[in-house]
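Text of model_7.json, listed as JSON, C-alpha atoms and all ligand atoms:
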[["chain", "number", "residue", "atom", "x", "y", "z"],
["A", 1, "MET", "CA", 4.50, 2.65, 28.39],
["A", 2, "LEU", "CA", 5.91, 5.99, 27.27],
["A", 3, "VAL", "CA", 9.36, 4.97, 28.44],
["A", 4, "ARG", "CA", 9.15, 1.71, 26.51],
["A", 5, "ARG", "CA", 8.06, 3.57, 23.39],
["A", 6, "PHE", "CA", 11.00, 5.96, 23.79],
["A", 7, "ILE", "CA", 13.44, 3.06, 24.13],
["A", 8, "GLU", "CA", 11.96, 1.42, 21.04],
["A", 9, "LEU", "CA", 12.69, 4.61, 19.10],
["A", 10, "LEU", "CA", 16.32, 4.64, 20.17],
["A", 11, "THR", "CA", 17.15, 0.95, 19.94],
["A", 12, "PRO", "CA", 17.96, -0.43, 16.49],
["A", 13, "THR", "CA", 15.46, -3.17, 15.76],
["A", 14, "ASP", "CA", 16.49, -6.73, 15.10],
["A", 15, "CYS", "CA", 15.05, -8.76, 12.22],
["A", 16, "LEU", "CA", 11.48, -9.70, 13.11],
["A", 17, "GLY", "CA", 12.00, -13.05, 11.37],
["A", 18, "CYS", "CA", 15.34, -14.35, 12.63],
["A", 19, "GLY", "CA", 16.67, -11.75, 15.10],
["A", 20, "ALA", "CA", 19.64, -10.66, 12.92],
["A", 21, "ASP", "CA", 21.10, -7.35, 14.08],
["A", 22, "GLY", "CA", 20.07, -3.91, 12.95],
["A", 23, "VAL", "CA", 17.44, -4.55, 10.28],
["A", 24, "VAL", "CA", 13.66, -4.74, 10.61],
["A", 25, "LEU", "CA", 13.49, -7.63, 8.14],
["A", 26, "CYS", "CA", 16.71, -9.12, 6.75],
["A", 27, "THR", "CA", 17.16, -10.06, 3.08],
["A", 28, "THR", "CA", 17.04, -13.79, 3.81],
["A", 29, "CYS", "CA", 13.72, -13.47, 5.65],
["A", 30, "SER", "CA", 12.36, -11.06, 3.05],
["A", 31, "ASN", "CA", 13.22, -13.59, 0.33],
["A", 32, "SER", "CA", 11.59, -16.46, 2.20],
["A", 33, "PHE", "CA", 8.33, -14.54, 2.87],
["A", 34, "GLY", "CA", 8.10, -12.77, -0.50],
["A", 35, "LEU", "CA", 5.49, -14.02, -2.97],
["A", 36, "ARG", "CA", 7.39, -12.88, -6.06],
["A", 37, "GLN", "CA", 6.07, -14.93, -8.95],
["A", 38, "ALA", "CA", 2.97, -16.20, -7.14],
["A", 39, "ASN", "CA", 0.83, -14.31, -9.60],
["A", 40, "ILE", "CA", -2.89, -14.01, -9.10],
["A", 41, "CYS", "CA", -5.66, -11.64, -10.18],
["A", 42, "TYR", "CA", -6.19, -9.38, -7.15],
["A", 43, "ALA", "CA", -9.95, -9.40, -7.51],
["A", 44, "CYS", "CA", -10.86, -13.09, -7.97],
["A", 45, "ARG", "CA", -7.54, -14.59, -6.79],
["A", 46, "LEU", "CA", -7.34, -16.98, -9.74],
["A", 47, "PRO", "CA", -3.90, -17.56, -11.33],
["A", 48, "SER", "CA", -2.73, -14.77, -13.60],
["A", 49, "SER", "CA", 0.54, -13.67, -15.16],
["A", 50, "ASP", "CA", 2.61, -10.69, -14.01],
["A", 51, "TRP", "CA", -0.06, -9.94, -11.36],
["A", 52, "LEU", "CA", -2.40, -8.73, -14.11],
["A", 53, "THR", "CA", -6.13, -8.44, -13.46],
["A", 54, "CYS", "CA", -7.90, -11.26, -15.35],
["A", 55, "LYS", "CA", -10.05, -10.39, -18.35],
["A", 56, "ARG", "CA", -13.32, -11.01, -16.54],
["A", 57, "CYS", "CA", -12.46, -8.85, -13.49],
["A", 58, "ARG", "CA", -10.99, -6.16, -15.73],
["A", 59, "LEU", "CA", -14.57, -5.36, -16.82],
["A", 60, "ASP", "CA", -15.29, -4.16, -13.27],
["A", 61, "THR", "CA", -12.05, -2.42, -12.32],
["A", 62, "PRO", "CA", -9.73, 0.17, -13.84],
["A", 63, "LEU", "CA", -6.71, -1.55, -12.22],
["A", 64, "THR", "CA", -4.56, -3.21, -14.87],
["A", 65, "GLY", "CA", -2.83, -5.28, -12.21],
["A", 66, "VAL", "CA", -1.98, -5.40, -8.51],
["A", 67, "ALA", "CA", 1.33, -6.82, -7.24],
["A", 68, "VAL", "CA", 1.50, -8.19, -3.70],
["A", 69, "GLY", "CA", 4.70, -8.61, -1.71],
["A", 70, "ALA", "CA", 3.80, -11.26, 0.86],
["A", 71, "TYR", "CA", 1.01, -12.76, 2.94],
["A", 72, "TYR", "CA", -0.14, -10.72, 5.95],
["A", 73, "ASP", "CA", 1.24, -13.14, 8.49],
["A", 74, "GLY", "CA", 4.13, -13.71, 10.91],
["A", 75, "PRO", "CA", 7.04, -11.24, 10.77],
["A", 76, "VAL", "CA", 5.57, -9.39, 7.78],
["A", 77, "GLN", "CA", 2.38, -8.69, 9.74],
["A", 78, "GLU", "CA", 4.43, -7.64, 12.75],
["A", 79, "MET", "CA", 6.51, -5.30, 10.58],
["A", 80, "ILE", "CA", 3.40, -3.59, 9.17],
["A", 81, "LEU", "CA", 1.82, -3.26, 12.63],
["A", 82, "LYS", "CA", 5.01, -1.67, 13.97],
["A", 83, "LEU", "CA", 5.10, 0.74, 11.05],
["A", 84, "LYS", "CA", 1.45, 1.67, 11.58],
["A", 85, "PHE", "CA", 1.09, 1.77, 15.33],
["A", 86, "HIS", "CA", 4.57, 1.90, 16.89],
["A", 87, "ARG", "CA", 6.17, 4.62, 14.82],
["A", 88, "LEU", "CA", 8.82, 2.26, 13.46],
["A", 89, "ARG", "CA", 9.48, 4.27, 10.30],
["A", 90, "ALA", "CA", 12.49, 2.10, 9.45],
["A", 91, "ALA", "CA", 10.01, -0.67, 8.57],
["A", 92, "ALA", "CA", 9.05, 1.26, 5.42],
["A", 93, "GLU", "CA", 12.25, 0.17, 3.65],
["A", 94, "PRO", "CA", 11.87, -3.63, 3.96],
["A", 95, "ALA", "CA", 8.14, -3.18, 3.31],
["A", 96, "ALA", "CA", 8.96, -1.42, 0.04],
["A", 97, "GLN", "CA", 11.50, -4.14, -0.80],
["A", 98, "LEU", "CA", 8.77, -6.80, -0.64],
["A", 99, "ILE", "CA", 6.79, -4.79, -3.21],
["A", 100, "LEU", "CA", 9.86, -4.22, -5.40],
["A", 101, "ASP", "CA", 10.66, -7.96, -5.41],
["A", 102, "SER", "CA", 7.15, -8.72, -6.71],
["A", 103, "LEU", "CA", 6.68, -5.81, -9.08],
["A", 104, "PRO", "CA", 6.75, -6.66, -12.81],
["A", 105, "SER", "CA", 8.32, -4.11, -15.16],
["A", 106, "TRP", "CA", 5.12, -2.15, -15.72],
["A", 107, "PRO", "CA", 5.43, 1.14, -17.69],
["A", 108, "ILE", "CA", 4.73, 3.34, -14.65],
["A", 109, "ASP", "CA", 5.66, 7.04, -14.68],
["A", 110, "THR", "CA", 4.36, 8.16, -11.25],
["A", 111, "VAL", "CA", 4.07, 6.50, -7.83],
["A", 112, "THR", "CA", 1.40, 7.53, -5.34],
["A", 113, "ALA", "CA", -0.05, 6.19, -2.08],
["A", 114, "VAL", "CA", -3.48, 5.41, -0.67],
["A", 115, "PRO", "CA", -4.11, 8.44, 1.56],
["A", 116, "VAL", "CA", -5.19, 8.37, 5.20],
["A", 117, "SER", "CA", -7.70, 10.84, 6.67],
["A", 118, "PRO", "CA", -6.29, 14.16, 7.94],
["A", 119, "ALA", "CA", -7.19, 13.14, 11.52],
["A", 120, "ARG", "CA", -5.32, 9.83, 11.24],
["A", 121, "ARG", "CA", -2.33, 11.57, 9.75],
["A", 122, "ARG", "CA", -2.21, 14.11, 12.59],
["A", 123, "GLU", "CA", -2.48, 11.38, 15.21],
["A", 124, "ARG", "CA", 0.21, 9.17, 13.61],
["A", 125, "GLY", "CA", 2.43, 11.92, 12.25],
["A", 126, "TYR", "CA", 2.72, 10.25, 8.84],
["A", 127, "ASN", "CA", 0.92, 8.06, 6.32],
["A", 128, "GLN", "CA", 2.58, 4.64, 6.38],
["A", 129, "ALA", "CA", 1.53, 3.90, 2.77],
["A", 130, "GLU", "CA", 3.24, 7.11, 1.66],
["A", 131, "LEU", "CA", 6.48, 6.19, 3.45],
["A", 132, "ILE", "CA", 6.46, 2.87, 1.58],
["A", 133, "ALA", "CA", 5.48, 4.49, -1.73],
["A", 134, "ARG", "CA", 8.30, 7.02, -1.47],
["A", 135, "GLN", "CA", 10.82, 4.18, -1.02],
["A", 136, "VAL", "CA", 9.36, 2.33, -4.01],
["A", 137, "ALA", "CA", 9.50, 5.49, -6.13],
["A", 138, "ALA", "CA", 13.11, 6.17, -5.14],
["A", 139, "ALA", "CA", 14.17, 2.61, -6.02],
["A", 140, "LEU", "CA", 12.44, 2.83, -9.41],
["A", 141, "GLU", "CA", 13.88, 6.34, -9.99],
["A", 142, "LEU", "CA", 10.36, 7.66, -10.51],
["A", 143, "PRO", "CA", 8.63, 10.67, -8.92],
["A", 144, "PHE", "CA", 6.37, 10.20, -5.92],
["A", 145, "ALA", "CA", 3.30, 12.46, -6.11],
["A", 146, "PRO", "CA", 0.44, 12.73, -3.59],
["A", 147, "LEU", "CA", -2.30, 12.52, -6.22],
["A", 148, "LEU", "CA", -5.10, 11.52, -3.85],
["A", 149, "ALA", "CA", -6.58, 12.83, -0.62],
["A", 150, "ARG", "CA", -9.12, 11.47, 1.80],
["A", 151, "SER", "CA", -11.94, 13.44, 3.34],
["A", 152, "GLY", "CA", -12.40, 13.41, 7.12],
["A", 153, "THR", "CA", -14.51, 10.66, 8.64],
["A", 154, "SER", "CA", -15.65, 12.15, 11.97],
["A", 155, "HIS", "CA", -19.03, 13.04, 10.47],
["A", 156, "GLN", "CA", -19.70, 9.33, 9.88],
["A", 157, "LEU", "CA", -20.92, 8.97, 13.47],
["A", 158, "GLY", "CA", -24.65, 8.43, 13.63],
["A", 159, "LEU", "CA", -25.05, 7.35, 10.01],
["A", 160, "ASP", "CA", -26.54, 3.96, 9.29],
["A", 161, "ARG", "CA", -24.33, 1.27, 7.80],
["A", 162, "ARG", "CA", -25.46, 1.85, 4.23],
["A", 163, "SER", "CA", -24.74, 5.59, 4.36],
["A", 164, "ARG", "CA", -21.40, 4.88, 5.99],
["A", 165, "LEU", "CA", -20.41, 2.53, 3.17],
["A", 166, "GLU", "CA", -21.41, 5.12, 0.59],
["A", 167, "LEU", "CA", -19.35, 7.71, 2.40],
["A", 168, "VAL", "CA", -16.32, 5.42, 2.46],
["A", 169, "GLN", "CA", -16.73, 4.85, -1.26],
["A", 170, "GLY", "CA", -16.78, 8.60, -1.81],
["A", 171, "ALA", "CA", -14.01, 9.34, 0.66],
["A", 172, "PHE", "CA", -11.15, 9.59, -1.84],
["A", 173, "TYR", "CA", -10.69, 12.48, -4.18],
["A", 174, "ALA", "CA", -8.02, 13.64, -6.62],
["A", 175, "VAL", "CA", -6.03, 16.76, -5.79],
["A", 176, "GLY", "CA", -5.48, 17.62, -9.46],
["A", 177, "THR", "CA", -5.94, 16.22, -12.95],
["A", 178, "TYR", "CA", -3.48, 13.74, -14.36],
["A", 179, "PRO", "CA", -3.89, 13.52, -18.12],
["A", 180, "GLY", "CA", -2.05, 10.55, -19.58],
["A", 181, "ARG", "CA", -0.32, 9.53, -16.34],
["A", 182, "ARG", "CA", 0.55, 5.88, -15.72],
["A", 183, "VAL", "CA", 0.24, 5.56, -11.99],
["A", 184, "LEU", "CA", 1.20, 2.94, -9.41],
["A", 185, "ILE", "CA", -0.89, 3.23, -6.21],
["A", 186, "VAL", "CA", 0.83, 1.79, -3.14],
["A", 187, "ASP", "CA", -0.88, 0.54, 0.04],
["A", 188, "ASP", "CA", 0.32, -1.44, 3.04],
["A", 189, "VAL", "CA", -2.28, -4.21, 3.21],
["A", 190, "ILE", "CA", -4.79, -5.45, 0.65],
["A", 191, "THR", "CA", -7.90, -7.33, 1.76],
["A", 192, "THR", "CA", -10.67, -7.25, -0.85],
["A", 193, "GLY", "CA", -8.93, -4.68, -3.02],
["A", 194, "ALA", "CA", -11.90, -2.28, -2.68],
["A", 195, "THR", "CA", -9.73, 0.61, -1.47],
["A", 196, "LEU", "CA", -7.23, 0.32, -4.34],
["A", 197, "THR", "CA", -10.11, -0.06, -6.81],
["A", 198, "GLU", "CA", -11.80, 3.09, -5.51],
["A", 199, "CYS", "CA", -8.54, 5.06, -5.70],
["A", 200, "ALA", "CA", -7.97, 3.82, -9.25],
["A", 201, "GLU", "CA", -11.47, 4.91, -10.26],
["A", 202, "VAL", "CA", -10.81, 8.41, -8.92],
["A", 203, "LEU", "CA", -7.50, 8.65, -10.84],
["A", 204, "THR", "CA", -9.10, 7.35, -14.03],
["A", 205, "ARG", "CA", -11.85, 9.99, -13.76],
["A", 206, "VAL", "CA", -9.21, 12.75, -13.72],
["A", 207, "GLY", "CA", -7.44, 11.44, -16.78],
["A", 208, "ALA", "CA", -4.89, 8.80, -15.72],
["A", 209, "ALA", "CA", -4.15, 6.62, -18.74],
["A", 210, "GLU", "CA", -3.38, 3.47, -16.77],
["A", 211, "VAL", "CA", -3.43, 2.55, -13.09],
["A", 212, "TRP", "CA", -1.71, -0.30, -11.26],
["A", 213, "GLY", "CA", -1.67, -1.17, -7.59],
["A", 214, "ALA", "CA", 0.83, -2.67, -5.18],
["A", 215, "ALA", "CA", 0.50, -3.79, -1.58],
["A", 216, "VAL", "CA", 3.10, -5.04, 0.87],
["A", 217, "ALA", "CA", 0.88, -7.86, 2.08],
["A", 218, "ARG", "CA", -2.39, -9.64, 1.43],
["A", 219, "HIS", "CA", -4.86, -10.63, 4.13],
["B", 1, "ZN", "ZN", 15.87, -12.36, 9.25],
["B", 2, "ZN", "ZN", -10.00, -12.00, -11.74]]

Please go through the file and, once you have read it, give me the structure as structure tokens.
Amino acid sequence: MLVRRFIELLTPTDCLGCGADGVVLCTTCSNSFGLRQANICYACRLPSSDWLTCKRCRLDTPLTGVAVGAYYDGPVQEMILKLKFHRLRAAAEPAAQLILDSLPSWPIDTVTAVPVSPARRRERGYNQAELIARQVAAALELPFAPLLARSGTSHQLGLDRRSRLELVQGAFYAVGTYPGRRVLIVDDVITTGATLTECAEVLTRVGAAEVWGAAVARH
């Protein structure tokens, strides 16, 4: 197992979609899996424009819009799993490309990432969402800033489900104040959007003027 992991680190990966040499996901495959203009409201999934949150959902969320790169399926799913659990850091670049291909020209000034707990970060050695966010920021020529942190979760053991949910909802906190910032929060996978919403609420509380979200793939 260890030997196989070591070999995986050394061997350049072939495209997870078509097997083309030397890239985790080639441009052709990225283009065929990318959602691009398939705009929906992230919260209710009804059609939208430019991935903007619809008027009704906007009453319940500070997120102006959430862009999604692809569906969490096939080679895209495999790419994210390899980035998360097999230390394939090179997957961050094609993952970021899927976001960039979907992202409207929103007036963002700072890019940040959904944080992982300190324990998870130690175990994995990195936060996969941050690797992706840094690539997105570099491509947009914007600063990446770690605006959010996540409290540890080991003390969740023994709590009932309700307390655990409350703890999860309170798990994110801001590491500073961000008056007037227009922030894009990047994550790897979006399911209900609850995580991005919670992060956006934290940023809004510390002064962010506008908050958008982006995820590589949607469940
Ligand atoms: Zn390919
Ligand atoms: Zn909606």

Residues near segment 27-37 of chain A, anyone? I mean within 10 Å using all atoms listed in the file, not counting same-chain ones fewer than 3 positions away, as a ChimeraX atom specification. /A:15-18,20,23-24,40,48-51,67-76,94-95,97-104,216-217

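Shortest atom-to-atom contact with Ala43 of chain A among A:Ala133, A:Ala145, A:Val66, A:Leu140: A:Val66, counting only C-alpha atoms.
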
Taking all atoms listed in the file into account, which residues have an atom no farther than 12 Å from ligand ZN 2 (chain B)? I'd like them as a PyMOL selection string. chain A and resi 39-49+51-61+63-66+192-193

Just how far from atom CA of Tyr126 of chain A is atom CA of Val183 of chain A, in Å to one decimal? 21.5 Å

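Computed from the coordinates, the atom CA of Val211 of chain A to atom CA of Tyr173 of chain A distance equals 15.2 Å.
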
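Here atom CA of Gln128 of chain A stands at a distance of 24.1 Å from atom CA of Pro62 of chain A.
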
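The smallest atom-to-atom distance between ligand ZN 1 (chain B) and any of A:Leu147, A:Met79, A:Ile108, A:Ala38, using only C-alpha atoms and all ligand atoms, is found for A:Met79.
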
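The closest residue to Arg121 of chain A, picked from A:Val186, A:Ala91, A:Ala149, A:Ala96 and counting only C-alpha atoms, is A:Ala149.
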
Box time for segment 59-75 of chain A: axis-aligned, enclosing all its listed atoms, 4 Å extra on each side; report centre and edge lengths in Å to one decimal, as JSON.
{"center_x": -4.1, "center_y": -6.8, "center_z": -3.0, "size_x": 30.3, "size_y": 21.9, "size_z": 35.7}

Leaving out Leu148 of chain A and any residue of its chain fewer than 3 positions from it, which residues lie within 7 Å of it when counting all atoms listed in the file, given as a list in words? Pro115, Phe172, Tyr173, Ala174 and Val175 of chain A

Please dump the current selection as a PDB file, in the coordinates of the input; keep C-alpha atoms.
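Written out: again.pdb:
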ATOM      1  CA  PRO A 115      -4.110   8.440   1.560  1.00  0.00           C
ATOM      2  CA  PHE A 172     -11.150   9.590  -1.840  1.00  0.00           C
ATOM      3  CA  TYR A 173     -10.690  12.480  -4.180  1.00  0.00           C
ATOM      4  CA  ALA A 174      -8.020  13.640  -6.620  1.00  0.00           C
ATOM      5  CA  VAL A 175      -6.030  16.760  -5.790  1.00  0.00           C
TER       6      VAL A 175
END

Just the residues within 8 Å of Arg89 of chain A, please, counting all atoms listed in the file, with nothing from its chain fewer than 3 positions along; format it as a VMD selection string. chain A and resid 83 92 128 131

Test item: residues at most 10 Å from Asp109 of chain A, all atoms listed in the file, excluding those fewer than 5 positions along its chain, as a PyMOL selection string: chain A and resi 137+140-144+180-184+210

Show me that you can extract segment 64-141 of chain A, keeping C-alpha atoms, and write it as a PDB file, in the first residue's frame.
ATOM      1  CA  THR A  64     -24.916  36.743  -4.116  1.00  0.00           C
ATOM      2  CA  GLY A  65     -24.206  33.745  -6.328  1.00  0.00           C
ATOM      3  CA  VAL A  66     -22.432  30.386  -6.438  1.00  0.00           C
ATOM      4  CA  ALA A  67     -20.731  29.109  -9.601  1.00  0.00           C
ATOM      5  CA  VAL A  68     -20.287  25.361 -10.057  1.00  0.00           C
ATOM      6  CA  GLY A  69     -17.742  23.764 -12.376  1.00  0.00           C
ATOM      7  CA  ALA A  70     -19.208  20.314 -13.045  1.00  0.00           C
ATOM      8  CA  TYR A  71     -21.328  17.507 -11.646  1.00  0.00           C
ATOM      9  CA  TYR A  72     -19.705  15.329  -8.974  1.00  0.00           C
ATOM     10  CA  ASP A  73     -19.497  12.273 -11.174  1.00  0.00           C
ATOM     11  CA  GLY A  74     -17.114  10.180 -13.295  1.00  0.00           C
ATOM     12  CA  PRO A  75     -13.595  11.566 -13.830  1.00  0.00           C
ATOM     13  CA  VAL A  76     -14.391  14.821 -12.005  1.00  0.00           C
ATOM     14  CA  GLN A  77     -15.375  12.870  -8.889  1.00  0.00           C
ATOM     15  CA  GLU A  78     -12.262  10.723  -9.223  1.00  0.00           C
ATOM     16  CA  MET A  79     -10.092  13.826  -9.567  1.00  0.00           C
ATOM     17  CA  ILE A  80     -11.517  15.363  -6.373  1.00  0.00           C
ATOM     18  CA  LEU A  81     -11.151  12.098  -4.440  1.00  0.00           C
ATOM     19  CA  LYS A  82      -7.518  11.821  -5.526  1.00  0.00           C
ATOM     20  CA  LEU A  83      -6.874  15.404  -4.473  1.00  0.00           C
ATOM     21  CA  LYS A  84      -8.510  14.807  -1.087  1.00  0.00           C
ATOM     22  CA  PHE A  85      -7.380  11.328  -0.155  1.00  0.00           C
ATOM     23  CA  HIS A  86      -4.439  10.356  -2.385  1.00  0.00           C
ATOM     24  CA  ARG A  87      -2.288  13.454  -2.106  1.00  0.00           C
ATOM     25  CA  LEU A  88      -2.560  14.180  -5.827  1.00  0.00           C
ATOM     26  CA  ARG A  89      -1.890  17.907  -5.490  1.00  0.00           C
ATOM     27  CA  ALA A  90      -1.614  18.285  -9.273  1.00  0.00           C
ATOM     28  CA  ALA A  91      -5.399  17.783  -9.414  1.00  0.00           C
ATOM     29  CA  ALA A  92      -5.861  21.279  -7.938  1.00  0.00           C
ATOM     30  CA  GLU A  93      -5.056  22.914 -11.291  1.00  0.00           C
ATOM     31  CA  PRO A  94      -7.714  21.200 -13.468  1.00  0.00           C
ATOM     32  CA  ALA A  95     -10.129  21.507 -10.531  1.00  0.00           C
ATOM     33  CA  ALA A  96      -9.552  25.269 -10.494  1.00  0.00           C
ATOM     34  CA  GLN A  97      -9.947  25.373 -14.287  1.00  0.00           C
ATOM     35  CA  LEU A  98     -13.466  23.930 -14.008  1.00  0.00           C
ATOM     36  CA  ILE A  99     -14.352  26.788 -11.638  1.00  0.00           C
ATOM     37  CA  LEU A 100     -12.691  29.398 -13.878  1.00  0.00           C
ATOM     38  CA  ASP A 101     -14.624  28.148 -16.924  1.00  0.00           C
ATOM     39  CA  SER A 102     -17.923  28.643 -15.049  1.00  0.00           C
ATOM     40  CA  LEU A 103     -17.138  31.826 -13.166  1.00  0.00           C
ATOM     41  CA  PRO A 104     -18.946  34.977 -14.372  1.00  0.00           C
ATOM     42  CA  SER A 105     -17.033  38.268 -14.228  1.00  0.00           C
ATOM     43  CA  TRP A 106     -18.061  39.099 -10.672  1.00  0.00           C
ATOM     44  CA  PRO A 107     -16.372  42.151  -9.054  1.00  0.00           C
ATOM     45  CA  ILE A 108     -14.326  40.050  -6.605  1.00  0.00           C
ATOM     46  CA  ASP A 109     -11.273  41.527  -4.853  1.00  0.00           C
ATOM     47  CA  THR A 110     -10.208  38.604  -2.619  1.00  0.00           C
ATOM     48  CA  VAL A 111     -10.310  34.811  -2.951  1.00  0.00           C
ATOM     49  CA  THR A 112     -10.546  32.552   0.093  1.00  0.00           C
ATOM     50  CA  ALA A 113     -11.265  28.883   0.803  1.00  0.00           C
ATOM     51  CA  VAL A 114     -13.579  26.874   3.037  1.00  0.00           C
ATOM     52  CA  PRO A 115     -11.218  25.827   5.853  1.00  0.00           C
ATOM     53  CA  VAL A 116     -10.722  22.307   7.183  1.00  0.00           C
ATOM     54  CA  SER A 117     -10.249  21.533  10.887  1.00  0.00           C
ATOM     55  CA  PRO A 118      -6.677  21.740  12.240  1.00  0.00           C
ATOM     56  CA  ALA A 119      -6.710  17.949  12.809  1.00  0.00           C
ATOM     57  CA  ARG A 120      -7.753  17.240   9.207  1.00  0.00           C
ATOM     58  CA  ARG A 121      -5.122  19.614   7.910  1.00  0.00           C
ATOM     59  CA  ARG A 122      -2.381  17.921   9.953  1.00  0.00           C
ATOM     60  CA  GLU A 123      -3.452  14.482   8.773  1.00  0.00           C
ATOM     61  CA  ARG A 124      -3.682  15.493   5.082  1.00  0.00           C
ATOM     62  CA  GLY A 125      -0.855  18.015   5.041  1.00  0.00           C
ATOM     63  CA  TYR A 126      -2.952  20.600   3.184  1.00  0.00           C
ATOM     64  CA  ASN A 127      -6.468  21.915   2.658  1.00  0.00           C
ATOM     65  CA  GLN A 128      -7.597  20.826  -0.801  1.00  0.00           C
ATOM     66  CA  ALA A 129     -10.038  23.760  -1.094  1.00  0.00           C
ATOM     67  CA  GLU A 130      -7.168  26.158  -0.410  1.00  0.00           C
ATOM     68  CA  LEU A 131      -4.996  24.569  -3.120  1.00  0.00           C
ATOM     69  CA  ILE A 132      -7.854  25.090  -5.591  1.00  0.00           C
ATOM     70  CA  ALA A 133      -8.585  28.615  -4.329  1.00  0.00           C
ATOM     71  CA  ARG A 134      -4.942  29.641  -4.697  1.00  0.00           C
ATOM     72  CA  GLN A 135      -4.985  28.502  -8.347  1.00  0.00           C
ATOM     73  CA  VAL A 136      -8.219  30.414  -8.973  1.00  0.00           C
ATOM     74  CA  ALA A 137      -6.771  33.540  -7.338  1.00  0.00           C
ATOM     75  CA  ALA A 138      -3.572  33.318  -9.388  1.00  0.00           C
ATOM     76  CA  ALA A 139      -5.522  32.967 -12.644  1.00  0.00           C
ATOM     77  CA  LEU A 140      -7.707  35.967 -11.771  1.00  0.00           C
ATOM     78  CA  GLU A 141      -4.635  37.946 -10.613  1.00  0.00           C
TER      79      GLU A 141
END
